[in-house]
Amino acid sequence: MHTPPSNIKFILLWLLCTTIFNCVTCSDLKKVHCNEKDMNTLLHFKQGVIDPSGLLSSWFTQNDCCGWTGVKCDNITARVIELDLPCHTIKNDSTFIPHKENDDDKSHCLTGYPIYGNSKCDDLSKGTPLHMCRNLSSLQHIDLSHNYNIFIGDLKWISPLSSLQYLNLNGLPLHKEINWLQSVTMLQSLRELHLEGCQLENLYPSLDYANFTSLRVLNLADNHFVSELPTWLFNLSCDIMHIDLSKNKIRGQLSKTLPNHERIKSLGLSTNVLDGPIPYYWLGQFKQLQELDLSYNSFSGPIPTSLGNLSSLIVLDFTGNDFNETLPESLGKLSNLKVLQLASNSFTGTVSPRNLLFLSNLKHLSLSSPTLILDFDAKWVPPFQLLDLQLGYVSHKLPSWIFAQSTLKFLTITDSTASFEPLDNFWNFTTQLQILQLVNNTINADMSNVLLNSNVVWLLSNNLRGGLPRLSQEVVVLNLYNNSLSGTLSPLLCHKMKERGNLKFLEIGSNVLSGELTDCWNDWKSLAFVGLWNNTLSGKIPHSMSSLSNLITLYLNSNKFFGDIPLSLKNCQKLRILDLGDNNFSGAIPSWVGRSVMALRLRSNQFSGNIPSQICQLHSLTVMDFANNQLSGPTPNCLGNITAIRFEYAAARDTVLPIPFKSFEPIFLYFGIKMVTKGNDLFYKILMNGIDLSSNNLSGAVPLEIYMLTGVQSLNLSHNHLEGTISEDIGNLKQLESIDLSDNHFSGEIPKSMSALHYVGVLNLSFNNFMGKIPSGTQLQGFTNLSYMGNDHLCGPPLTKICPQDEKSNNEITIGEVDKFGVSSCFYMGLGIGFAFGFLGVIFFNRTCRLAYFRFLPNCMS
């Protein structure tokens, strides 16, 4: 059955296929409420959709439909002219920088098959061409973005839309469309083209001209373009205002992208003023350009000095390229510039006031290059007041003008050896910030007497030392991971504040903290994330930790905790990731773990007893790691009930914590877990579907139910006392990438179905009692003999031991070996029977007869 689309922005197109855009009569002009036919059309649509979040709850006849959610009417005619019902969700692919889009959770979106007034336009998700609808020559705006289940084979259907001014297909898979540029250039009225994240591959680098006479906005970001800058891009209308080619692999190759000299002369430019892989004249001609985003590509060479001619430029983003040489002083002429992003390049030389001379409107500045030197006089006063500043590879001292930025709210400094002295001044200055991010610097600061006040404090790998700092109630996110902080948790958690803290994220992993967990958790009930892993903390889990009713993720691994897991933690019902591994916890594995848990890591402790059957009720569980304990008894029969990994295409998933703020966009923090798989102990941001019960005292046979978990990717049952045969049903686990059954008492033959597990990259069946021939097929033969060693009765490749059925008979030679010897060898061997008969046997017998003859020649069989 076809999966219905999850975002219903495409409804606008359906409405346009009905009579909504018929000619307006004089009687229509007298209406003050929405047109009755329009209202009935919308109500028909409502009948065919599922609305889990009540988005259409206002759609009733008692209300004027022009006031319905998502409906916009013409102010004069009261006809419906726009329907906007987007599914606003979120995603972030970076650590915590705000981002907007997410294609993971669509449970609250409109779904279903709308009831259409025109049968020819019944379902765009089935690929119905728009030109089959009624006359759409007046259509001006199409937005189908992020409707992931809409199928669009090509873009030929847009050709008749002669009045179209806005086209947004962001996020739709168009990788099969090989003529996309030809289709969109037929739209003479097109002003905005948005094809971001469409999996497009061809940028037509050799095409000279694209007929975009009206185009103002071009967004081709996040596609699969791997080419030089196309020639047609240089011939865009001089009225273009927005160009976004970010997140591709486009490179500037001057010799290949240069149009003819006549074109250069027509622009009034000399053919000799070309100074880099991005042609000089190309940037200089776009006098109306306001936004230029070429970030995260492969551009190299210098930035053309013609950039200074773009007097209208507001946003310039060259982040993440290979630009080198010095920054042109012409950058300082861009008086309208608000955003200048030049981080993660290979610039050389210095940045001085000359480069920033007239940037009085600048609000966002990023500079980062290992070979770039900041050369500012201590008394220099910049012409701008920034909102956001990002600096990297700063040496010597921080520029003093930073401390004059009274409006600064976001500060990021990375990979720097600069002195932050005097530290008191620096920490006092940061109290005005909303986000403070210091990563991989050599600050060497004692934090014992520091008060942190920013909403987000992100201080990773800065060699911070001393005791933990104090927090104000403004701090929501605190990350002190991988420093040299020592002492106990008390200074941070047990100090009294005038108002209750709002801390939601606490990460102090990989420091040298000691002492117990303290019993002050009652004051931090807002916490959703606690990370204290890889310290030297000890003691038991205190009762007050059960007050963290909002807790989603708890990392206490790699410490010295001991005792039972307290029953009181049952109150943390939102818990999704629990990592208590690499400690000294003992007792039984708790049977009360919350049903929302996705990852449960208890490895390398002293847990004993049986694995409780209640584990099988954790339907969201994707990671179950109980390795290296003292567990005994059988493997639970009910493991097949873990529905999260029961399906063949059960996707590995991430865990995200959205954190809203009053004065800036939400941030989204993603969590993973450490897993031992494929022979490596790594931290996985995306949860791999894995079961690890290795190095315990489990006994009995592997239950057949475990072969129902067809989404499992890693399975480790090694170093136990398991016995019996391995079922052919193991072939159902087609997503397996790693399987380890070593050091058990398994017997019987290796199932032939294992040769069809094509994703397996790590296989270990060693030290068991397997017997017989290793099933043939490239999959199992692709591993070394180490995967099978310690099974004395196994034979066949890759082992050197030959199976009995493959040994040569002492009384027979194969056809292949006869051919290998060749006719002449056996001819001479047969001379003892008689030359004439032997000769005739070789000359006149066909291949089959020769073989029958040679089998009677004793010398030929030796």
# chains A, B, ... in the order shown; residues from 1 in each chain; ligands from 1
>>> residues_around(residues="stretch 774-787 of chain A", least_positions_apart="2", cutoff="9 Å", atoms="only C-alpha atoms", output="number ranges by chain")
A: 742, 749-766, 771-772, 789-790, 794-800
>>> closest_residue(among="A:Phe661, A:Leu600, A:Asn248, A:Val623", to="A:Val475", atoms="only C-alpha atoms")
A:Phe661
>>> residues_around(residues="A:Asn641", least_positions_apart="4", cutoff="8 Å", atoms="only C-alpha atoms", output="ChimeraX atom specification")
/A:616-617,619,646
>>> write_last_selection(atoms="all heavy atoms", output="PDB file, in the first residue's frame")
ATOM      1  N   CYS A 616      12.046  -7.646  28.021  1.00  0.00           N
ATOM      2  CA  CYS A 616      11.357  -7.813  26.741  1.00  0.00           C
ATOM      3  C   CYS A 616      10.201  -6.847  26.568  1.00  0.00           C
ATOM      4  O   CYS A 616       9.656  -6.721  25.469  1.00  0.00           O
ATOM      5  CB  CYS A 616      10.857  -9.245  26.592  1.00  0.00           C
ATOM      6  SG  CYS A 616      12.156 -10.496  26.770  1.00  0.00           S
ATOM      7  N   GLN A 617       9.790  -6.195  27.635  1.00  0.00           N
ATOM      8  CA  GLN A 617       8.705  -5.223  27.547  1.00  0.00           C
ATOM      9  C   GLN A 617       9.203  -3.840  27.146  1.00  0.00           C
ATOM     10  O   GLN A 617       8.405  -2.915  26.994  1.00  0.00           O
ATOM     11  CB  GLN A 617       7.975  -5.150  28.893  1.00  0.00           C
ATOM     12  CG  GLN A 617       7.345  -6.463  29.325  1.00  0.00           C
ATOM     13  CD  GLN A 617       6.755  -6.398  30.717  1.00  0.00           C
ATOM     14  OE1 GLN A 617       6.616  -5.322  31.299  1.00  0.00           O
ATOM     15  NE2 GLN A 617       6.413  -7.559  31.273  1.00  0.00           N
ATOM     16  N   HIS A 619       9.824  -2.007  24.537  1.00  0.00           N
ATOM     17  CA  HIS A 619       9.572  -2.091  23.108  1.00  0.00           C
ATOM     18  C   HIS A 619      10.384  -1.090  22.294  1.00  0.00           C
ATOM     19  O   HIS A 619      10.519  -1.241  21.080  1.00  0.00           O
ATOM     20  CB  HIS A 619       8.075  -1.903  22.835  1.00  0.00           C
ATOM     21  CG  HIS A 619       7.220  -2.927  23.501  1.00  0.00           C
ATOM     22  ND1 HIS A 619       7.387  -4.278  23.297  1.00  0.00           N
ATOM     23  CD2 HIS A 619       6.203  -2.806  24.388  1.00  0.00           C
ATOM     24  CE1 HIS A 619       6.501  -4.945  24.016  1.00  0.00           C
ATOM     25  NE2 HIS A 619       5.778  -4.074  24.696  1.00  0.00           N
ATOM     26  N   ARG A 646      12.608  -5.454  15.576  1.00  0.00           N
ATOM     27  CA  ARG A 646      11.994  -6.688  15.087  1.00  0.00           C
ATOM     28  C   ARG A 646      11.768  -6.666  13.583  1.00  0.00           C
ATOM     29  O   ARG A 646      11.484  -7.698  12.979  1.00  0.00           O
ATOM     30  CB  ARG A 646      10.672  -6.931  15.806  1.00  0.00           C
ATOM     31  CG  ARG A 646      10.074  -8.302  15.519  1.00  0.00           C
ATOM     32  CD  ARG A 646       8.902  -8.598  16.402  1.00  0.00           C
ATOM     33  NE  ARG A 646       8.319  -9.897  16.065  1.00  0.00           N
ATOM     34  CZ  ARG A 646       7.318 -10.457  16.731  1.00  0.00           C
ATOM     35  NH1 ARG A 646       6.795  -9.835  17.781  1.00  0.00           N
ATOM     36  NH2 ARG A 646       6.834 -11.616  16.365  1.00  0.00           N
TER      37      ARG A 646
END
>>> closest_residue(among="A:Phe410, A:Phe45, A:Phe212, A:Trp59", to="A:Gln390", atoms="only C-alpha atoms")
A:Phe410
>>> select_by_dssp(residues="stretch 420-575 of chain A", states="strand (DSSP E or B)", output="ChimeraX atom specification")
/A:435-439,446,451-452,456-460,465-466,470-471,477-479,484-487,505-507,512-515,529-531,536-539,553-555,560-563
>>> closest_residue(among="A:Leu408, A:Ile443, A:Gln473, A:Leu478", to="A:Val457", atoms="only C-alpha atoms")
A:Leu478
>>> residues_around(residues="stretch 318-335 of chain A", least_positions_apart="6", cutoff="8 Å", atoms="only C-alpha atoms", output="PyMOL selection string")
chain A and resi 293-312+341-351+354-361
>>> write_last_selection(atoms="C-alpha atoms", output="tab-separated table (two decimals), in the first residue's frame")
chain	number	residue	atom	x	y	z
A	293	ASP	CA	26.51	31.63	0.01
A	294	LEU	CA	29.27	29.39	-1.38
A	295	SER	CA	30.03	27.70	1.95
A	296	TYR	CA	31.20	24.10	2.25
A	297	ASN	CA	32.42	23.59	-1.29
A	298	SER	CA	35.89	23.18	-2.78
A	299	PHE	CA	36.69	26.69	-3.97
A	300	SER	CA	40.33	27.67	-3.82
A	301	GLY	CA	42.62	30.53	-4.70
A	302	PRO	CA	42.14	34.13	-3.61
A	303	ILE	CA	38.87	35.96	-3.18
A	304	PRO	CA	38.47	38.31	-6.17
A	305	THR	CA	38.94	41.98	-5.34
A	306	SER	CA	35.85	42.70	-7.44
A	307	LEU	CA	33.88	41.59	-4.39
A	308	GLY	CA	34.17	45.17	-3.20
A	309	ASN	CA	31.90	46.28	-6.07
A	310	LEU	CA	28.88	44.46	-4.60
A	311	SER	CA	27.59	47.48	-2.80
A	312	SER	CA	24.23	45.85	-2.03
A	341	GLN	CA	31.56	34.27	7.31
A	342	LEU	CA	35.11	33.28	6.27
A	343	ALA	CA	35.92	30.50	8.77
A	344	SER	CA	37.61	27.18	7.93
A	345	ASN	CA	39.72	28.28	4.97
A	346	SER	CA	43.47	28.60	4.32
A	347	PHE	CA	43.91	32.36	4.24
A	348	THR	CA	47.38	33.75	4.79
A	349	GLY	CA	48.74	37.13	5.77
A	350	THR	CA	47.01	39.43	8.22
A	351	VAL	CA	43.59	40.81	9.00
A	354	ARG	CA	41.85	47.96	6.53
A	355	ASN	CA	39.86	44.78	5.86
A	356	LEU	CA	36.96	45.96	8.06
A	357	LEU	CA	37.19	49.70	7.51
A	358	PHE	CA	33.62	50.65	6.50
A	359	LEU	CA	31.65	47.67	7.79
A	360	SER	CA	29.52	49.76	10.09
A	361	ASN	CA	26.48	47.48	9.74
>>> closest_residue(among="A:Ser514, A:Cys73, A:His495, A:Asp38", to="A:Thr61", atoms="only C-alpha atoms")
A:Asp38
>>> closest_residue(among="A:His793, A:Lys504, A:Arg79, A:His194", to="A:Asp143", atoms="only C-alpha atoms")
A:His194
>>> residues_around(residues="stretch 718-735 of chain A", least_positions_apart="2", cutoff="6 Å", atoms="only C-alpha atoms", output="list in words")
Ser694, Ser695, Asn696, Asn697, Leu698, Ser699, Gly700, Ala701, Tyr707, Thr710, Gly711, Gln713, Asn716, Asp740, Leu741, Ser742, Asp743, Asn744, His745, Phe746, Ser747, Gly748, Pro751, Ser753, Met754 and Leu757 of chain A
>>> residues_around(residues="A:Tyr555", least_positions_apart="5", cutoff="6 Å", atoms="only C-alpha atoms", output="NGL selection string")
:A and (531-533 or 579)
>>> write_last_selection(atoms="N, CA, C and O atoms", output="mmCIF file, in the first residue's frame")
data_model
loop_
_atom_site.group_PDB
_atom_site.id
_atom_site.type_symbol
_atom_site.label_atom_id
_atom_site.label_comp_id
_atom_site.auth_asym_id
_atom_site.auth_seq_id
_atom_site.Cartn_x
_atom_site.Cartn_y
_atom_site.Cartn_z
ATOM 1 N N GLY A 531 25.709 13.949 32.325
ATOM 2 C CA GLY A 531 26.864 13.195 31.854
ATOM 3 C C GLY A 531 28.038 13.371 32.800
ATOM 4 O O GLY A 531 28.640 14.446 32.846
ATOM 5 N N LEU A 532 28.353 12.328 33.562
ATOM 6 C CA LEU A 532 29.453 12.383 34.531
ATOM 7 C C LEU A 532 30.483 11.295 34.255
ATOM 8 O O LEU A 532 31.276 10.942 35.111
ATOM 9 N N TRP A 533 30.488 10.774 33.055
ATOM 10 C CA TRP A 533 31.288 9.597 32.726
ATOM 11 C C TRP A 533 32.777 9.906 32.673
ATOM 12 O O TRP A 533 33.197 11.036 32.493
ATOM 13 N N ASP A 579 23.406 4.603 30.873
ATOM 14 C CA ASP A 579 24.722 3.983 30.740
ATOM 15 C C ASP A 579 25.391 3.946 32.112
ATOM 16 O O ASP A 579 25.827 4.968 32.631
#
>>> residues_around(residues="A:Leu471", least_positions_apart="5", cutoff="10 Å", atoms="only C-alpha atoms", output="PyMOL selection string")
chain A and resi 450-454+476+478+491-493+495-497+501+503
>>> write_last_selection(atoms="N, CA and C atoms", output="short mmCIF file (atom, residue, chain, number, x, y, z; two decimals), in the first residue's frame")
data_model
loop_
_atom_site.label_atom_id
_atom_site.label_comp_id
_atom_site.auth_asym_id
_atom_site.auth_seq_id
_atom_site.Cartn_x
_atom_site.Cartn_y
_atom_site.Cartn_z
N VAL A 450 34.86 31.11 39.46
CA VAL A 450 34.20 31.70 38.30
C VAL A 450 32.69 31.50 38.41
N LEU A 451 31.95 32.55 38.13
CA LEU A 451 30.49 32.47 38.06
C LEU A 451 30.08 32.54 36.60
N LEU A 452 29.41 31.51 36.11
CA LEU A 452 28.96 31.45 34.73
C LEU A 452 27.52 31.90 34.64
N ASN A 453 27.24 32.72 33.62
CA ASN A 453 25.93 33.37 33.56
C ASN A 453 25.22 33.21 32.22
N SER A 454 25.90 32.68 31.20
CA SER A 454 25.31 32.58 29.87
C SER A 454 24.27 31.46 29.81
N VAL A 476 21.36 27.27 31.20
CA VAL A 476 20.48 26.17 30.80
C VAL A 476 21.29 24.98 30.29
N LEU A 478 25.27 23.43 30.21
CA LEU A 478 26.65 23.51 30.69
C LEU A 478 27.41 22.29 30.22
N PRO A 491 30.49 21.98 44.90
CA PRO A 491 30.49 23.41 44.57
C PRO A 491 29.51 23.77 43.46
N LEU A 492 29.32 22.86 42.56
CA LEU A 492 28.42 23.14 41.44
C LEU A 492 26.96 22.90 41.80
N LEU A 493 26.68 21.78 42.48
CA LEU A 493 25.30 21.35 42.66
C LEU A 493 24.69 21.77 43.99
N HIS A 495 25.46 24.59 45.96
CA HIS A 495 25.42 25.98 46.37
C HIS A 495 23.99 26.51 46.23
N LYS A 496 23.62 27.41 47.09
CA LYS A 496 22.26 27.93 47.11
C LYS A 496 22.14 29.14 46.19
N MET A 497 21.06 29.14 45.39
CA MET A 497 20.77 30.27 44.51
C MET A 497 19.50 30.96 44.99
N GLY A 501 17.31 26.92 39.79
CA GLY A 501 18.05 26.83 38.54
C GLY A 501 17.22 26.26 37.40
N LEU A 503 18.81 24.63 34.78
CA LEU A 503 19.76 23.79 34.07
C LEU A 503 19.07 22.54 33.51
#
>>> select_by_dssp(residues="stretch 378-536 of chain A", states="alpha helix (DSSP H)", output="list in words")
Leu423, Asp424, Asn425, Phe426, Trp427, Asn428, Phe429, Thr430, Ser490, Pro491, Leu492 and Leu493 of chain A
>>> atom_distance(atom1="atom CA of A:Leu164", atom2="atom CA of A:Trp180")
15.8 Å
>>> atom_distance(atom1="atom CA of A:Gly467", atom2="atom CA of A:Leu389")
28.5 Å
>>> atom_distance(atom1="atom CA of A:Lys247", atom2="atom CA of A:His224")
8.5 Å
